[in-house]
>>> print(open('model.csv').read())   # CSV, C-alpha atoms and all ligand atoms
chain,number,residue,atom,x,y,z
A,140,MET,CA,50.7,-16.7,-178.7
A,141,THR,CA,49.8,-16.1,-175.0
A,142,GLU,CA,52.3,-14.5,-172.6
A,143,SER,CA,52.9,-17.8,-170.8
A,144,GLN,CA,54.6,-19.1,-174.0
A,145,PHE,CA,57.4,-16.6,-173.4
A,146,THR,CA,60.1,-17.1,-170.8
A,147,PRO,CA,59.4,-14.7,-167.9
A,148,ARG,CA,62.1,-12.2,-168.6
A,149,VAL,CA,62.8,-8.7,-167.2
A,150,PHE,CA,64.6,-6.0,-169.2
A,151,SER,CA,65.2,-2.5,-168.1
A,152,GLY,CA,67.7,0.3,-168.7
A,153,ILE,CA,69.2,3.5,-167.4
A,154,LYS,CA,70.8,6.3,-169.4
A,155,PRO,CA,74.4,6.9,-168.3
A,156,SER,CA,74.0,10.6,-168.6
A,157,GLY,CA,74.1,12.9,-165.5
A,158,ASN,CA,74.2,11.5,-162.0
A,159,LEU,CA,72.2,8.5,-160.8
A,160,HIS,CA,69.7,10.1,-158.3
A,161,LEU,CA,67.1,9.0,-155.8
A,162,GLY,CA,64.4,9.0,-158.5
A,163,ASN,CA,66.4,6.4,-160.5
A,164,TYR,CA,67.0,4.4,-157.4
A,165,LEU,CA,63.5,4.3,-156.0
A,166,GLY,CA,61.7,4.3,-159.4
A,167,ALA,CA,63.9,1.7,-161.0
A,168,LEU,CA,67.2,0.4,-159.5
A,169,LYS,CA,65.8,-0.7,-156.2
A,170,ARG,CA,63.0,-2.5,-158.0
A,171,PHE,CA,65.5,-4.1,-160.4
A,172,VAL,CA,67.1,-5.7,-157.3
A,173,ASP,CA,63.7,-6.8,-156.0
A,174,MET,CA,62.9,-8.6,-159.3
A,175,GLN,CA,66.3,-10.4,-159.3
A,176,GLY,CA,65.5,-14.0,-158.3
A,177,PRO,CA,64.3,-17.3,-159.5
A,178,GLU,CA,61.0,-16.0,-160.9
A,179,PHE,CA,62.6,-14.1,-163.8
A,180,GLU,CA,65.6,-14.0,-166.0
A,181,THR,CA,66.8,-10.4,-165.5
A,182,ILE,CA,68.6,-8.2,-168.0
A,183,TYR,CA,69.7,-4.7,-167.0
A,184,CYS,CA,71.4,-2.3,-169.4
A,185,MET,CA,73.3,1.0,-169.4
A,186,VAL,CA,71.7,2.6,-172.5
A,187,ASP,CA,74.6,4.5,-173.8
A,188,LEU,CA,73.1,4.8,-177.3
A,189,HIS,CA,70.1,6.5,-175.8
A,190,ALA,CA,72.3,8.9,-173.9
A,191,ILE,CA,73.8,10.3,-177.1
A,192,THR,CA,70.4,11.4,-178.4
A,193,VAL,CA,71.6,14.6,-176.7
A,194,TRP,CA,75.2,15.7,-176.8
A,195,GLN,CA,77.5,13.7,-174.4
A,196,ASP,CA,81.2,14.4,-173.9
A,197,PRO,CA,82.9,11.1,-174.9
A,198,GLU,CA,85.1,10.8,-171.8
A,199,LYS,CA,82.2,11.7,-169.5
A,200,LEU,CA,80.0,9.1,-171.2
A,201,ARG,CA,82.6,6.3,-170.6
A,202,GLU,CA,82.9,7.4,-167.0
A,203,LYS,CA,79.1,7.6,-166.4
A,204,THR,CA,78.6,4.2,-168.0
A,205,ARG,CA,81.0,2.7,-165.6
A,206,GLU,CA,79.5,4.7,-162.8
A,207,VAL,CA,76.0,3.4,-163.5
A,208,CYS,CA,77.4,-0.1,-163.6
A,209,ALA,CA,79.0,0.5,-160.2
A,210,GLY,CA,75.6,1.8,-159.0
A,211,PHE,CA,73.8,-1.3,-160.2
A,212,ILE,CA,76.2,-3.6,-158.4
A,213,ALA,CA,76.4,-1.5,-155.3
A,214,ALA,CA,72.6,-1.4,-155.0
A,215,GLY,CA,72.5,-5.2,-155.1
A,216,LEU,CA,72.5,-6.5,-158.6
A,217,ASP,CA,74.7,-9.5,-159.0
A,218,ALA,CA,76.5,-10.2,-162.3
A,219,GLU,CA,76.0,-13.9,-161.7
A,220,LYS,CA,72.3,-13.6,-161.3
A,221,SER,CA,71.5,-10.8,-163.8
A,222,ILE,CA,72.9,-9.9,-167.2
A,223,LEU,CA,74.5,-6.5,-166.9
A,224,PHE,CA,75.9,-4.7,-170.0
A,225,ASN,CA,76.0,-1.5,-172.0
A,226,GLN,CA,73.7,-1.3,-175.0
A,227,SER,CA,76.3,-0.4,-177.6
A,228,GLN,CA,78.1,-3.8,-177.1
A,229,VAL,CA,75.0,-5.7,-178.5
A,230,ALA,CA,74.5,-4.5,-182.0
A,231,GLU,CA,71.2,-6.4,-182.3
A,232,HIS,CA,69.4,-3.5,-180.4
A,233,THR,CA,70.1,-1.1,-183.2
A,234,GLN,CA,69.5,-3.6,-185.9
A,235,LEU,CA,66.0,-4.3,-184.5
A,236,ALA,CA,65.4,-0.6,-184.0
A,237,TRP,CA,65.8,0.0,-187.7
A,238,ILE,CA,63.0,-2.6,-188.4
A,239,PHE,CA,60.9,-0.8,-185.8
A,240,ASN,CA,61.6,2.5,-187.4
A,241,CYS,CA,59.8,1.1,-190.4
A,242,VAL,CA,56.9,-0.2,-188.3
A,243,ALA,CA,56.3,2.8,-186.0
A,244,ARG,CA,54.5,5.8,-187.4
A,245,MET,CA,55.6,9.4,-187.4
A,246,GLY,CA,52.4,10.4,-185.6
A,247,TRP,CA,53.1,8.0,-182.8
A,248,MET,CA,56.5,9.5,-182.2
A,249,GLN,CA,55.2,13.0,-182.4
A,250,ARG,CA,52.7,12.3,-179.6
A,251,MET,CA,55.5,11.3,-177.1
A,252,THR,CA,55.5,13.8,-174.2
A,253,GLN,CA,59.2,13.2,-173.6
A,254,TRP,CA,59.9,14.2,-177.2
A,255,LYS,CA,57.8,17.3,-176.8
A,256,ASP,CA,59.4,18.2,-173.5
A,257,LYS,CA,63.0,17.6,-174.6
A,258,ALA,CA,62.8,19.0,-178.1
A,259,GLY,CA,60.7,21.9,-176.9
A,260,LYS,CA,60.2,24.7,-179.3
A,261,ASN,CA,63.4,24.0,-181.0
A,262,SER,CA,62.4,20.6,-182.4
A,263,GLN,CA,63.9,21.4,-185.9
A,264,ASN,CA,67.3,21.4,-184.2
A,265,ALA,CA,66.8,18.3,-182.1
A,266,SER,CA,68.6,15.1,-183.3
A,267,LEU,CA,66.8,12.6,-185.4
A,268,GLY,CA,67.9,10.1,-182.7
A,269,LEU,CA,65.9,11.9,-180.1
A,270,PHE,CA,62.8,11.6,-182.2
A,271,ALA,CA,63.4,7.9,-182.9
A,272,TYR,CA,64.4,7.3,-179.2
A,273,PRO,CA,61.2,5.2,-178.3
A,274,SER,CA,61.7,2.9,-181.3
A,275,LEU,CA,65.2,2.0,-180.0
A,276,MET,CA,63.7,1.5,-176.5
A,277,ALA,CA,61.1,-0.9,-178.0
A,278,ALA,CA,63.9,-2.8,-179.6
A,279,ASP,CA,65.9,-2.9,-176.3
A,280,ILE,CA,63.0,-4.7,-174.8
A,281,LEU,CA,61.7,-6.8,-177.6
A,282,ILE,CA,65.1,-8.1,-178.8
A,283,TYR,CA,64.9,-10.3,-175.6
A,284,HIS,CA,61.2,-11.0,-175.9
A,285,ALA,CA,61.1,-9.4,-172.4
A,286,THR,CA,57.8,-9.9,-170.6
A,287,HIS,CA,58.2,-7.4,-167.8
A,288,VAL,CA,59.8,-4.0,-167.7
A,289,PRO,CA,60.2,-2.2,-164.3
A,290,VAL,CA,60.4,1.6,-164.8
A,291,GLY,CA,59.4,4.8,-163.1
A,292,GLU,CA,56.1,6.4,-164.1
A,293,ASP,CA,57.7,8.8,-166.6
A,294,GLN,CA,58.4,5.8,-169.0
A,295,LYS,CA,54.8,4.6,-169.1
A,296,GLN,CA,54.0,6.2,-172.5
A,297,HIS,CA,57.2,4.7,-174.0
A,298,LEU,CA,56.1,1.2,-172.8
A,299,GLU,CA,52.6,1.7,-174.3
A,300,LEU,CA,54.3,2.5,-177.6
A,301,THR,CA,56.4,-0.7,-177.3
A,302,ARG,CA,53.2,-2.7,-177.1
A,303,ASP,CA,51.8,-0.8,-180.1
A,304,ILE,CA,55.0,-1.6,-182.1
A,305,ALA,CA,54.9,-5.3,-181.2
A,306,ALA,CA,51.2,-5.5,-182.1
A,307,LYS,CA,51.6,-3.7,-185.4
A,308,PHE,CA,54.6,-5.9,-186.3
A,309,ASN,CA,52.7,-9.1,-185.5
A,310,HIS,CA,49.7,-7.8,-187.4
A,311,ASP,CA,51.5,-6.6,-190.5
A,312,TYR,CA,53.5,-9.8,-190.9
A,313,GLY,CA,50.7,-12.2,-189.7
A,314,VAL,CA,52.8,-13.6,-186.8
A,315,ASP,CA,52.6,-13.9,-183.0
A,316,PHE,CA,56.3,-13.2,-182.6
A,317,PHE,CA,56.7,-10.3,-180.2
A,318,PRO,CA,55.1,-10.4,-176.7
A,319,GLN,CA,52.9,-7.7,-175.2
A,320,THR,CA,55.3,-6.6,-172.5
A,321,GLU,CA,53.9,-5.7,-169.1
A,322,PRO,CA,55.1,-2.4,-167.6
A,323,VAL,CA,55.9,-2.8,-163.9
A,324,ILE,CA,55.3,0.6,-162.4
A,325,ASP,CA,54.7,0.1,-158.7
A,326,GLY,CA,56.0,0.8,-155.2
A,327,PRO,CA,55.3,4.0,-153.2
A,328,ALA,CA,57.6,6.2,-155.3
A,329,PRO,CA,57.1,5.6,-159.0
A,330,ARG,CA,57.6,9.4,-159.5
A,331,VAL,CA,60.0,11.0,-157.1
A,332,MET,CA,59.6,14.8,-157.3
A,333,ASN,CA,62.1,17.7,-157.2
A,334,LEU,CA,63.0,18.6,-153.6
A,335,ARG,CA,62.4,22.3,-154.4
A,336,ASP,CA,59.2,22.0,-156.4
A,337,GLY,CA,56.9,19.1,-155.7
A,338,THR,CA,55.1,19.5,-159.1
A,339,ARG,CA,58.3,18.7,-161.1
A,340,LYS,CA,60.0,15.3,-161.3
A,341,MET,CA,63.4,14.8,-159.8
A,342,SER,CA,65.9,14.8,-162.7
A,343,SER,CA,69.6,14.8,-163.3
A,344,SER,CA,69.2,17.6,-165.9
A,345,ASP,CA,67.8,20.2,-163.4
A,346,ALA,CA,70.3,23.1,-163.1
A,347,SER,CA,70.2,23.1,-159.3
A,348,ASP,CA,71.8,20.2,-157.5
A,349,MET,CA,69.7,21.0,-154.4
A,350,THR,CA,66.6,19.7,-156.2
A,351,ARG,CA,67.9,16.1,-156.1
A,352,ILE,CA,69.7,13.6,-154.0
A,353,ASN,CA,72.5,12.0,-156.0
A,354,MET,CA,73.6,8.4,-155.3
A,355,ILE,CA,77.1,9.7,-154.8
A,356,ASP,CA,76.2,12.4,-152.3
A,357,ASP,CA,77.9,12.1,-148.9
A,358,SER,CA,75.9,12.0,-145.7
A,359,ASP,CA,76.1,15.7,-144.9
A,360,THR,CA,75.0,16.6,-148.4
A,361,ILE,CA,72.0,14.3,-148.2
A,362,ALA,CA,71.0,15.7,-144.8
A,363,LYS,CA,71.4,19.3,-145.9
A,364,LYS,CA,69.3,18.7,-149.1
A,365,ILE,CA,66.5,17.1,-147.0
A,366,ARG,CA,66.7,19.9,-144.4
A,367,LYS,CA,66.4,22.5,-147.1
A,368,ALA,CA,63.7,20.7,-149.1
A,369,LYS,CA,60.6,22.8,-149.7
A,370,THR,CA,57.6,21.9,-147.4
A,371,ASP,CA,54.5,23.6,-146.1
A,372,PRO,CA,53.8,24.9,-142.6
A,373,ASP,CA,51.3,22.1,-141.6
A,374,ALA,CA,51.9,19.0,-139.7
A,375,LEU,CA,51.8,15.6,-141.4
A,376,PRO,CA,48.3,14.2,-141.8
A,377,SER,CA,47.4,10.7,-140.4
A,378,GLU,CA,45.9,9.6,-143.7
A,379,VAL,CA,46.9,9.8,-147.3
A,380,ASP,CA,43.9,11.9,-148.3
A,381,GLY,CA,45.4,14.7,-146.2
A,382,LEU,CA,48.3,14.9,-148.7
A,383,GLU,CA,46.1,16.1,-151.5
A,384,ASP,CA,47.3,19.5,-152.7
A,385,ARG,CA,50.5,19.1,-150.7
A,386,PRO,CA,52.9,17.9,-153.4
A,387,GLU,CA,56.1,18.5,-151.4
A,388,ALA,CA,54.7,16.8,-148.3
A,389,ARG,CA,53.5,13.9,-150.3
A,390,ASN,CA,56.9,13.5,-152.0
A,391,LEU,CA,58.8,13.3,-148.7
A,392,VAL,CA,56.3,10.8,-147.3
A,393,ASN,CA,56.6,8.7,-150.5
A,394,ILE,CA,60.4,8.8,-150.3
A,395,TYR,CA,60.2,7.7,-146.6
A,396,ALA,CA,57.8,4.9,-147.5
A,397,ALA,CA,60.0,3.6,-150.4
A,398,LEU,CA,63.2,3.7,-148.4
A,399,SER,CA,61.7,1.9,-145.5
A,400,ASP,CA,59.7,-0.6,-147.5
A,401,GLN,CA,56.4,0.6,-146.2
A,402,THR,CA,53.3,2.1,-147.8
A,403,ALA,CA,52.6,5.8,-147.5
A,404,GLU,CA,49.5,4.7,-145.3
A,405,GLN,CA,51.8,2.9,-142.9
A,406,VAL,CA,54.2,5.9,-142.7
A,407,LEU,CA,51.4,8.3,-141.9
A,408,ALA,CA,49.8,6.0,-139.3
A,409,GLU,CA,53.1,6.4,-137.4
A,410,MET,CA,54.1,10.0,-138.4
A,411,GLY,CA,50.7,11.7,-138.6
A,412,GLY,CA,50.8,14.9,-136.4
A,413,LYS,CA,54.5,15.4,-136.6
A,414,GLN,CA,55.9,18.7,-137.9
A,415,PHE,CA,58.5,18.8,-140.6
A,416,GLY,CA,61.1,20.0,-138.1
A,417,GLU,CA,60.8,16.5,-136.5
A,418,PHE,CA,60.1,14.4,-139.7
A,419,LYS,CA,62.9,15.8,-141.8
A,420,PRO,CA,65.7,14.6,-139.5
A,421,MET,CA,64.1,11.2,-139.4
A,422,LEU,CA,64.0,11.1,-143.2
A,423,ALA,CA,67.6,12.3,-143.4
A,424,ASP,CA,68.7,9.5,-141.0
A,425,LEU,CA,66.8,6.9,-143.0
A,426,ALA,CA,68.1,8.2,-146.3
A,427,VAL,CA,71.7,8.3,-145.1
A,428,SER,CA,71.5,4.8,-143.6
A,429,LYS,CA,70.1,3.3,-146.9
A,430,LEU,CA,72.1,5.3,-149.4
A,431,SER,CA,75.6,5.7,-147.8
A,432,PRO,CA,76.5,2.0,-148.0
A,433,ILE,CA,75.6,2.1,-151.7
A,434,SER,CA,77.6,5.3,-152.4
A,435,SER,CA,80.7,4.0,-150.6
A,436,GLU,CA,80.5,0.7,-152.5
A,437,MET,CA,80.0,2.7,-155.7
A,438,ALA,CA,83.1,4.8,-155.0
A,439,ARG,CA,85.1,1.6,-154.3
A,440,LEU,CA,84.0,-0.1,-157.6
A,441,MET,CA,84.7,3.1,-159.6
A,442,GLY,CA,88.4,2.4,-158.7
A,443,GLU,CA,88.1,-1.0,-160.3
A,444,GLU,CA,87.7,0.0,-163.9
A,445,ALA,CA,89.0,-3.3,-165.4
A,446,GLU,CA,86.6,-5.3,-163.3
A,447,ILE,CA,83.7,-3.2,-164.4
A,448,ASP,CA,84.7,-3.5,-168.1
A,449,GLN,CA,85.0,-7.2,-167.7
A,450,ILE,CA,81.5,-7.5,-166.2
A,451,LEU,CA,80.1,-5.4,-169.0
A,452,ALA,CA,81.8,-7.5,-171.7
A,453,ARG,CA,80.7,-10.8,-170.1
A,454,GLY,CA,77.1,-9.5,-169.8
A,455,ALA,CA,77.1,-8.4,-173.4
A,456,GLU,CA,78.2,-11.9,-174.5
A,457,LYS,CA,75.3,-13.4,-172.6
A,458,ALA,CA,72.8,-10.8,-173.9
A,459,ARG,CA,73.9,-11.4,-177.5
A,460,ALA,CA,73.3,-15.1,-177.1
A,461,ILE,CA,69.6,-14.3,-176.5
A,462,ALA,CA,69.3,-11.4,-178.9
A,463,ALA,CA,71.0,-12.9,-182.0
A,464,PRO,CA,68.5,-15.7,-182.7
A,465,ILE,CA,65.6,-13.3,-182.1
A,466,LEU,CA,67.0,-10.9,-184.7
A,467,GLN,CA,67.6,-13.7,-187.2
A,468,GLN,CA,64.0,-14.8,-186.8
A,469,THR,CA,62.8,-11.2,-187.2
A,470,TYR,CA,64.9,-10.8,-190.4
A,471,GLU,CA,63.4,-14.1,-191.7
A,472,ILE,CA,59.9,-12.9,-191.0
A,473,VAL,CA,60.6,-9.6,-192.7
A,474,GLY,CA,62.1,-11.3,-195.8
A,475,MET,CA,65.8,-10.6,-195.6
A,476,VAL,CA,67.8,-13.1,-197.8
A,477,GLY,CA,70.5,-14.8,-195.8
A,478,ALA,CA,68.5,-14.9,-192.6
A,479,GLY,CA,67.6,-18.3,-191.1
A,480,LYS,CA,67.1,-21.2,-193.4
A,481,SER,CA,64.5,-20.1,-195.9
A,501,LIG,P1,66.2,7.3,-167.5
A,501,LIG,O1,67.7,7.0,-167.7
A,501,LIG,O2,65.7,8.7,-167.6
A,501,LIG,O3,65.8,6.8,-166.0
A,501,LIG,C1,66.1,5.5,-165.6
A,501,LIG,C2,65.0,4.9,-164.8
A,501,LIG,O4,64.7,5.8,-163.6
A,501,LIG,C3,63.4,6.2,-163.6
A,501,LIG,N1,63.3,7.5,-163.1
A,501,LIG,C4,62.5,7.9,-162.1
A,501,LIG,N2,61.6,7.2,-161.3
A,501,LIG,C5,61.0,7.8,-160.4
A,501,LIG,N3,61.1,9.1,-160.1
A,501,LIG,C6,61.9,9.9,-160.9
A,501,LIG,N4,62.1,11.2,-160.7
A,501,LIG,C7,62.7,9.3,-161.9
A,501,LIG,N5,63.6,9.7,-162.8
A,501,LIG,C8,63.9,8.6,-163.5
A,501,LIG,C9,62.9,6.1,-165.0
A,501,LIG,O5,61.5,5.9,-165.1
A,501,LIG,C10,63.6,4.8,-165.5
A,501,LIG,O6,63.0,3.7,-165.2
A,501,LIG,N6,64.1,5.7,-171.7
A,501,LIG,C11,64.7,5.2,-170.4
A,501,LIG,C12,65.8,4.3,-170.5
A,501,LIG,C13,65.5,3.1,-171.4
A,501,LIG,C14,64.7,2.0,-171.0
A,501,LIG,C15,64.8,1.1,-172.1
A,501,LIG,C16,64.0,1.7,-169.9
A,501,LIG,C17,66.0,2.8,-172.6
A,501,LIG,N7,65.6,1.6,-173.0
A,501,LIG,C18,64.1,-0.1,-172.1
A,501,LIG,C19,63.3,0.4,-169.9
A,501,LIG,C20,63.4,-0.4,-171.0
A,501,LIG,C21,65.2,6.5,-169.7
A,501,LIG,O7,65.5,7.5,-170.2
A,501,LIG,O8,65.3,6.3,-168.4
>>> encode(input="model.csv", output="structure tokens")
Amino acid sequence: MTESQFTPRVFSGIKPSGNLHLGNYLGALKRFVDMQGPEFETIYCMVDLHAITVWQDPEKLREKTREVCAGFIAAGLDAEKSILFNQSQVAEHTQLAWIFNCVARMGWMQRMTQWKDKAGKNSQNASLGLFAYPSLMAADILIYHATHVPVGEDQKQHLELTRDIAAKFNHDYGVDFFPQTEPVIDGPAPRVMNLRDGTRKMSSSDASDMTRINMIDDSDTIAKKIRKAKTDPDALPSEVDGLEDRPEARNLVNIYAALSDQTAEQVLAEMGGKQFGEFKPMLADLAVSKLSPISSEMARLMGEEAEIDQILARGAEKARAIAAPILQQTYEIVGMVGAGKS
């Protein structure tokens, strides 16, 4: 089966653990909004079942799930144009994940860098769910036969594994049932770095809040974090080559480019020669002007809990309408009695 035989369909997800931050926004959410349109059917998910692969306080998880939903909508996703829901409301994800647990190999999972990073030296004590995480992620995508998945750069390996699982399933059962999904990792900031250490990724799990910009930060906090971001003493170069070995400078230029819908080349053509003392306030103004309307809309929506829950319930219903027949066909292919007509 060629890819053109599948409906052009986008799926992506964000874990409702920790705060939504600038990395999530530039690497994922902003690009979810860009892909919402006539070209694709778009499905975006708060992956609460992935969140609990590490401990989550139940009340906090509920709050964060609603907060991510508020972030989706505040950033420009429209529940009439995209399907928005939380993963646990569509049981087909976990049902397909079980099948994929029986397709994926232990060695594939052991190679995942996120498993190695997160389980660390204490892997015997990590949850089984954390190990099987990528298999549920493949199920999230393939239960919709999604053809395109916009993500940040850190998810690349998981998407390669998704393709391997689809290929092995198709091969083992002699079918052309699951598509080879295309990762969509683009834009100037597929990997937003930590503001205090340009060699590490911006993350909600870093102990210091000064390392990241949260989507709910107020204008003063955003400006302060940018002012205090680590830099080097040199002026900005006029060309991208000049950013080599300057990870912090490169990160701020990429953030500027992504927020202003330009390339890093375009930013440097204009900013080359400026010192950080001049560039940082410009970046802070830009970040505040782009992010504060989103954070105030998020805060407003967070007060509308019933509305958020209704959006998620309606989204889940629409998602299930796509997922259920694909699960039934999968069961039929695998040989489960009671599935389909055979
Ligand atoms: P999560 O929740 O860690 O991150 C959500 C999205 O944000 C991107 N991202 C970043 N992009 C650029 N720079 C950063 N510093 C940065 N930090 C995070 C991530 O790449 C991601 O796109 N496993 C996924 C969630 C998931 C998923 C899926 C994604 C579950 N099922 C199916 C796509 C399709 C994750 O933990 O993302």
>>> atom_distance(input="model.csv", atom1="CA of Gly176 in chain A", atom2="CA of Val427 in chain A")
26.6 Å
>>> residues_near_ligand(input="model.csv", ligand="ligand LIG 501 (chain A)", cutoff="8 Å", atoms="all atoms listed in the file", output="JSON, numbers by chain")
{"A": [150, 151, 152, 153, 154, 155, 156, 160, 161, 162, 163, 164, 165, 166, 167, 168, 184, 186, 189, 190, 272, 273, 275, 276, 277, 278, 279, 280, 288, 289, 290, 291, 292, 293, 294, 295, 297, 298, 328, 329, 330, 331, 332, 333, 340, 341, 342, 343]}
>>> atom_distance(input="model.csv", atom1="CA of Asp373 in chain A", atom2="CA of Gln414 in chain A")
6.8 Å
>>> closest_residue(input="model.csv", among="A:Ser221, A:Thr301, A:Gln263, A:Gln226", to="Trp247 in chain A", atoms="only C-alpha atoms")
A:Thr301
>>> atom_distance(input="model.csv", atom1="CA of Arg339 in chain A", atom2="CA of Ile212 in chain A")
28.7 Å
>>> closest_residue(input="model.csv", among="A:Thr286, A:Gln228, A:Gln175, A:Thr204", to="Met441 in chain A", atoms="only C-alpha atoms")
A:Thr204
>>> residues_around(input="model.csv", residues="range 385-390 of chain A", least_positions_apart="6", cutoff="8 Å", atoms="only C-alpha atoms", output="number ranges by chain")
A: 331-332, 334-338, 369-371, 375
>>> write_last_selection(input="model.csv", atoms="C-alpha atoms", output="tab-separated table (two decimals), in the coordinates of the input")
chain	number	residue	atom	x	y	z
A	331	VAL	CA	60.00	11.00	-157.10
A	332	MET	CA	59.60	14.80	-157.30
A	334	LEU	CA	63.00	18.60	-153.60
A	335	ARG	CA	62.40	22.30	-154.40
A	336	ASP	CA	59.20	22.00	-156.40
A	337	GLY	CA	56.90	19.10	-155.70
A	338	THR	CA	55.10	19.50	-159.10
A	369	LYS	CA	60.60	22.80	-149.70
A	370	THR	CA	57.60	21.90	-147.40
A	371	ASP	CA	54.50	23.60	-146.10
A	375	LEU	CA	51.80	15.60	-141.40
>>> closest_residue(input="model.csv", among="A:Leu440, A:Met349, A:Ala265, A:Val323", to="Ala209 in chain A", atoms="all atoms listed in the file")
A:Leu440
>>> closest_residue(input="model.csv", among="A:Gly210, A:Gly454, A:Gly381, A:Gly268", to="Ser435 in chain A", atoms="all atoms listed in the file")
A:Gly210
>>> closest_residue(input="model.csv", among="A:Ala285, A:Val379, A:Ala478, A:Ala306", to="Ala458 in chain A", atoms="all atoms listed in the file")
A:Ala285
>>> closest_residue(input="model.csv", among="A:Ala305, A:Ala426, A:Leu223, A:Leu382", to="Ile238 in chain A", atoms="all atoms listed in the file")
A:Ala305
>>> residues_near_point(input="model.csv", point="(60.3, 0.6, -146.0)", cutoff="12 Å", atoms="only C-alpha atoms", output="list of chain:residue names")
A:Leu165, A:Lys169, A:Gly326, A:Pro327, A:Ala328, A:Val392, A:Asn393, A:Ile394, A:Tyr395, A:Ala396, A:Ala397, A:Leu398, A:Ser399, A:Asp400, A:Gln401, A:Thr402, A:Ala403, A:Glu404, A:Gln405, A:Val406, A:Leu422, A:Leu425, A:Ala426, A:Lys429
>>> closest_atom_pairs(input="model.csv", of="range 206-265 of chain A", to="range 443-453 of chain A", cutoff="7 Å", atoms="only C-alpha atoms", output="CSV")
residue,atom,partner,partner_atom,distance
A:Ala218,CA,A:Ile450,CA,6.9
A:Leu223,CA,A:Leu451,CA,6.1
A:Phe224,CA,A:Leu451,CA,4.4
A:Asn225,CA,A:Leu451,CA,6.4
>>> closest_atom_pairs(input="model.csv", of="range 229-311 of chain A", to="range 461-464 of chain A", cutoff="8 Å", atoms="only C-alpha atoms", output="JSON lines")
{"residue": "A:Glu231", "atom": "CA", "partner": "A:Ala462", "partner_atom": "CA", "distance": 6.3}
{"residue": "A:Ile282", "atom": "CA", "partner": "A:Ala462", "partner_atom": "CA", "distance": 5.3}
{"residue": "A:Tyr283", "atom": "CA", "partner": "A:Ala462", "partner_atom": "CA", "distance": 5.6}
>>> decode(input="model.csv", residues="range 281-293 of chain A", atoms="N, CA and C atoms", output="short mmCIF file (atom, residue, chain, number, x, y, z; two decimals), in the first residue's frame")
data_model
loop_
_atom_site.label_atom_id
_atom_site.label_comp_id
_atom_site.auth_asym_id
_atom_site.auth_seq_id
_atom_site.Cartn_x
_atom_site.Cartn_y
_atom_site.Cartn_z
N LEU A 281 -0.59 4.93 15.24
CA LEU A 281 -1.05 3.99 14.21
C LEU A 281 -2.51 3.59 14.40
N ILE A 282 -3.08 3.85 15.57
CA ILE A 282 -4.52 3.56 15.77
C ILE A 282 -5.36 4.50 14.89
N TYR A 283 -4.74 5.57 14.41
CA TYR A 283 -5.42 6.49 13.47
C TYR A 283 -4.87 6.37 12.05
N HIS A 284 -3.96 5.42 11.83
CA HIS A 284 -3.26 5.37 10.53
C HIS A 284 -2.70 6.76 10.19
N ALA A 285 -2.16 7.44 11.21
CA ALA A 285 -1.65 8.80 10.96
C ALA A 285 -0.48 8.75 9.98
N THR A 286 -0.46 9.72 9.08
CA THR A 286 0.60 9.75 8.07
C THR A 286 1.72 10.72 8.44
N HIS A 287 1.42 11.72 9.29
CA HIS A 287 2.41 12.75 9.64
C HIS A 287 2.36 13.03 11.15
N VAL A 288 3.55 13.14 11.74
CA VAL A 288 3.62 13.39 13.18
C VAL A 288 4.60 14.53 13.47
N PRO A 289 4.07 15.74 13.76
CA PRO A 289 4.96 16.85 14.11
C PRO A 289 5.45 16.71 15.55
N VAL A 290 6.74 16.73 15.72
CA VAL A 290 7.35 16.60 17.06
C VAL A 290 8.65 17.39 17.10
N GLY A 291 9.18 17.57 18.30
CA GLY A 291 10.52 18.10 18.47
C GLY A 291 11.55 17.02 18.18
N GLU A 292 12.78 17.45 18.07
CA GLU A 292 13.85 16.54 17.65
C GLU A 292 14.05 15.36 18.60
N ASP A 293 13.74 15.57 19.89
CA ASP A 293 13.98 14.49 20.87
C ASP A 293 13.09 13.26 20.66
#
